[in-house]
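Student: Below is a structure I'd like to ask you about.
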Amino acid sequence: MARLGSITLDCDDPAALATFWSTLLGGEITYSTATVAVARVGDLLISATRVEDYRPPTWPEDTLPKQIHLDLGADDLDAAEAEAVLAGATPVAKQPAPDRFRVLLDPAGHPFCLTLTANLTRLGLHPRT
C-alpha cells in the first residue's frame with residue numbers, strides 16, 4: 001500500500017509559497033533551492049515547484065481551472081481567515097457559504113478553504129490530533 005507523502009503545488013516563487021504554507025500551518029521549511037522548496041507540517045510535506053511561465057488558476061472563472069483544492073479545518077473562521085491573510089493569503093470576493101467555509105487564494109493563486117472543523121468531522125475528514 002502507498003501513503004501520502006507530499007502535496008506539490010506549481011508556482012513562480014517556491015520559497016515564498018512554501019513559507020506561506022509553513023507559516024499558515026505551523027510547519028518549517030526543510031529544503032529550499034531556486035526551483036523547489038518544501039515545508040514539513042507534521043507528517044506531511046507541502047512542496048512548491050517553480051514552473052516556467054506559471055499562470056495561476058482563475059477560479060471561479062474557468063479560463064485556467066484550479067488543479068488542486070485544500071480544505072483546512074478551523075474552529076473560528078474569522079480568526080483563521082485573519083491569520084491566513086497575515087501570512088499572505090487573499091480572500092476571494094465570492095464567498096458561497098461564509099458561515100461554513102471561507103475561500104482564499106495562496107500567494108501563487110491556488111484556491112483553498114478554511115472550513116469549520118465540525119463540517120470536516122461530519123464528513124469523516126477530521127485530521128488526526
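By convention here, the chains of the C-alpha cells are called A, B, ... in the order presented, each chain's residues are numbered starting at 1, and ligands are numbered starting at 1 in the order presented.
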I need the alpha helix (DSSP H) residues of chain A per DSSP on the backbone, written as a PyMOL selection string.
Tutor: chain A and resi 14-25+77-87+117-122
Student: Those same residues, written as a short mmCIF file (atom, residue, chain, number, x, y, z; two decimals), in the first residue's frame with N, CA, C and O atoms?
Tutor:
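Dumped everything to out-v5.cif:
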data_model
loop_
_atom_site.label_atom_id
_atom_site.label_comp_id
_atom_site.auth_asym_id
_atom_site.auth_seq_id
_atom_site.Cartn_x
_atom_site.Cartn_y
_atom_site.Cartn_z
N PRO A 14 8.93 29.43 -5.42
CA PRO A 14 8.82 28.32 -4.47
C PRO A 14 9.08 28.71 -3.02
O PRO A 14 8.36 28.27 -2.12
N ALA A 15 10.06 29.55 -2.78
CA ALA A 15 10.38 29.92 -1.40
C ALA A 15 9.21 30.66 -0.75
O ALA A 15 8.85 30.37 0.40
N ALA A 16 8.62 31.59 -1.47
CA ALA A 16 7.50 32.36 -0.91
C ALA A 16 6.29 31.46 -0.65
O ALA A 16 5.64 31.59 0.39
N LEU A 17 5.99 30.55 -1.57
CA LEU A 17 4.83 29.70 -1.40
C LEU A 17 5.03 28.70 -0.26
O LEU A 17 4.14 28.51 0.57
N ALA A 18 6.19 28.09 -0.17
CA ALA A 18 6.47 27.16 0.93
C ALA A 18 6.46 27.89 2.27
O ALA A 18 5.95 27.37 3.27
N THR A 19 6.97 29.10 2.30
CA THR A 19 6.95 29.89 3.54
C THR A 19 5.52 30.21 3.94
O THR A 19 5.16 30.12 5.12
N PHE A 20 4.67 30.56 2.97
CA PHE A 20 3.26 30.82 3.27
C PHE A 20 2.62 29.61 3.94
O PHE A 20 2.01 29.72 5.00
N TRP A 21 2.73 28.43 3.31
CA TRP A 21 2.09 27.23 3.85
C TRP A 21 2.70 26.83 5.19
O TRP A 21 1.99 26.41 6.11
N SER A 22 4.00 26.98 5.34
CA SER A 22 4.64 26.68 6.61
C SER A 22 4.14 27.60 7.72
O SER A 22 3.84 27.16 8.82
N THR A 23 4.03 28.88 7.42
CA THR A 23 3.53 29.85 8.40
C THR A 23 2.08 29.57 8.75
O THR A 23 1.70 29.54 9.93
N LEU A 24 1.24 29.35 7.75
CA LEU A 24 -0.18 29.15 7.97
C LEU A 24 -0.48 27.89 8.77
O LEU A 24 -1.36 27.87 9.63
N LEU A 25 0.29 26.82 8.52
CA LEU A 25 0.01 25.53 9.15
C LEU A 25 0.96 25.17 10.29
O LEU A 25 0.91 24.06 10.80
N LEU A 77 -13.63 30.71 12.12
CA LEU A 77 -13.36 31.13 10.75
C LEU A 77 -12.79 32.55 10.67
O LEU A 77 -11.88 32.81 9.89
N ASP A 78 -13.32 33.46 11.47
CA ASP A 78 -12.82 34.84 11.43
C ASP A 78 -11.35 34.90 11.83
O ASP A 78 -10.53 35.55 11.17
N ALA A 79 -10.99 34.21 12.92
CA ALA A 79 -9.61 34.22 13.39
C ALA A 79 -8.69 33.52 12.39
O ALA A 79 -7.59 34.00 12.10
N ALA A 80 -9.14 32.39 11.84
CA ALA A 80 -8.32 31.66 10.87
C ALA A 80 -8.11 32.47 9.61
O ALA A 80 -7.00 32.52 9.06
N GLU A 81 -9.16 33.15 9.15
CA GLU A 81 -9.02 33.98 7.95
C GLU A 81 -8.04 35.13 8.21
O GLU A 81 -7.20 35.43 7.37
N ALA A 82 -8.14 35.76 9.37
CA ALA A 82 -7.22 36.86 9.70
C ALA A 82 -5.77 36.37 9.70
O ALA A 82 -4.88 37.05 9.17
N GLU A 83 -5.52 35.20 10.28
CA GLU A 83 -4.16 34.64 10.30
C GLU A 83 -3.69 34.32 8.88
O GLU A 83 -2.53 34.56 8.54
N ALA A 84 -4.58 33.76 8.07
CA ALA A 84 -4.20 33.42 6.70
C ALA A 84 -3.84 34.68 5.91
O ALA A 84 -2.86 34.69 5.15
N VAL A 85 -4.61 35.73 6.08
CA VAL A 85 -4.32 36.99 5.39
C VAL A 85 -2.99 37.57 5.87
O VAL A 85 -2.19 38.04 5.06
N LEU A 86 -2.73 37.51 7.16
CA LEU A 86 -1.44 37.98 7.68
C LEU A 86 -0.27 37.20 7.08
O LEU A 86 0.80 37.75 6.86
N ALA A 87 -0.51 35.91 6.81
CA ALA A 87 0.54 35.07 6.23
C ALA A 87 0.72 35.30 4.74
O ALA A 87 1.70 34.87 4.15
N THR A 117 -14.19 23.05 11.50
CA THR A 117 -13.77 21.70 11.86
C THR A 117 -14.97 20.77 12.01
O THR A 117 -14.92 19.61 11.61
N ALA A 118 -16.07 21.29 12.53
CA ALA A 118 -17.28 20.47 12.70
C ALA A 118 -17.77 19.93 11.36
O ALA A 118 -18.25 18.80 11.27
N ASN A 119 -17.65 20.72 10.29
CA ASN A 119 -18.07 20.26 8.96
C ASN A 119 -17.19 19.11 8.50
O ASN A 119 -17.67 18.14 7.91
N LEU A 120 -15.89 19.21 8.73
CA LEU A 120 -14.97 18.14 8.34
C LEU A 120 -15.25 16.87 9.13
O LEU A 120 -15.20 15.77 8.58
N THR A 121 -15.55 17.01 10.41
CA THR A 121 -15.83 15.85 11.25
C THR A 121 -17.06 15.11 10.75
O THR A 121 -17.07 13.89 10.68
N ARG A 122 -18.10 15.85 10.37
CA ARG A 122 -19.31 15.20 9.85
C ARG A 122 -19.02 14.39 8.59
O ARG A 122 -19.66 13.39 8.32
#
Student: Could you pull out all residues of chain A with a DSSP call of strand (DSSP E or B) and give them as a PyMOL selection string?
Tutor: chain A and resi 6-11+28-32+36-41+44-50+70-74+90-91+101-105+111-116
Student: If you count only C-alpha atoms, which residues fall within 10 Å of Gln67 in chain A, apart from same-chain ones fewer than 2 positions away, as a ChimeraX atom specification?
Tutor: /A:9-10,56-57,64-65,69,110-111
Student: Looking at only C-alpha atoms, which of A:Arg55, A:Arg102, A:Lys66, A:Arg50 is the one that sits closest to Ala37 in chain A?
Tutor: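 Of the candidates, the smallest distance to Ala37 in chain A is held by A:Arg50.
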Student: Give me, please, the distance in Å between CA of Leu72 in chain A and CA of Phe112 in chain A, quoted to one decimal.
Tutor: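 That distance, rounded to one decimal, is 7.7 Å.
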Student: What is the distance between CA of Val92 in chain A and CA of Pro107 in chain A, in Å to one decimal?
Tutor: 12.4 Å
Student: Quick one: residues within 12 Å of Lys94 in chain A, only C-alpha atoms, excluding same-chain residues fewer than 4 positions away - as JSON, numbers by chain?
Tutor: {"A": [59, 60, 61, 90, 98, 101, 102, 103, 104, 105, 111]}
Student: Please, could you write that set of residues out with C-alpha atoms as an mmCIF file, in the first residue's frame?
Tutor:
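Contents of the output file part_31.cif:
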data_model
loop_
_atom_site.group_PDB
_atom_site.id
_atom_site.type_symbol
_atom_site.label_atom_id
_atom_site.label_comp_id
_atom_site.auth_asym_id
_atom_site.auth_seq_id
_atom_site.Cartn_x
_atom_site.Cartn_y
_atom_site.Cartn_z
ATOM 1 C CA TRP A 59 -11.277 30.388 -10.073
ATOM 2 C CA PRO A 60 -14.221 30.803 -10.040
ATOM 3 C CA GLU A 61 -13.928 31.505 -13.776
ATOM 4 C CA THR A 90 -6.089 36.814 -0.311
ATOM 5 C CA PRO A 98 -19.087 32.236 4.592
ATOM 6 C CA PHE A 101 -16.189 27.979 4.982
ATOM 7 C CA ARG A 102 -14.045 30.781 3.557
ATOM 8 C CA VAL A 103 -12.341 30.663 0.170
ATOM 9 C CA LEU A 104 -8.900 32.256 -0.102
ATOM 10 C CA LEU A 105 -6.002 32.212 -2.542
ATOM 11 C CA PRO A 111 -7.706 28.453 -4.005
#
Student: What is the distance between CA of Ala108 in chain A and CA of Pro96 in chain A, in Å to one decimal?
Tutor: 21.6 Å
Student: Residues at most 6 Å from Ala74 in chain A, counting only C-alpha atoms, excluding those fewer than 2 positions away in the same chain, as a ChimeraX atom specification?
Tutor: /A:76,115-117
Student: For the residues selected in the previous step, produce a file with N, CA and C atoms as a CSV table (one decimal), in the first residue's frame.
Tutor:
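part.csv, written as the output of this step:
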chain,number,residue,atom,x,y,z
A,76,ASP,N,-12.6,28.7,14.4
A,76,ASP,CA,-13.0,30.0,14.4
A,76,ASP,C,-12.7,30.6,13.0
A,115,THR,N,-12.4,25.7,6.6
A,115,THR,CA,-13.7,25.1,6.8
A,115,THR,C,-13.9,24.8,8.3
A,116,LEU,N,-15.0,25.0,8.8
A,116,LEU,CA,-15.3,24.7,10.2
A,116,LEU,C,-14.9,23.3,10.5
A,117,THR,N,-14.2,23.0,11.5
A,117,THR,CA,-13.8,21.7,11.9
A,117,THR,C,-15.0,20.8,12.0
Student: Skip Glu28 in chain A itself and residues of its chain fewer than 3 positions away, then list as a PyMOL selection string all residues within 7 Å of it, counting only C-alpha atoms.
Tutor: chain A and resi 22+39-41
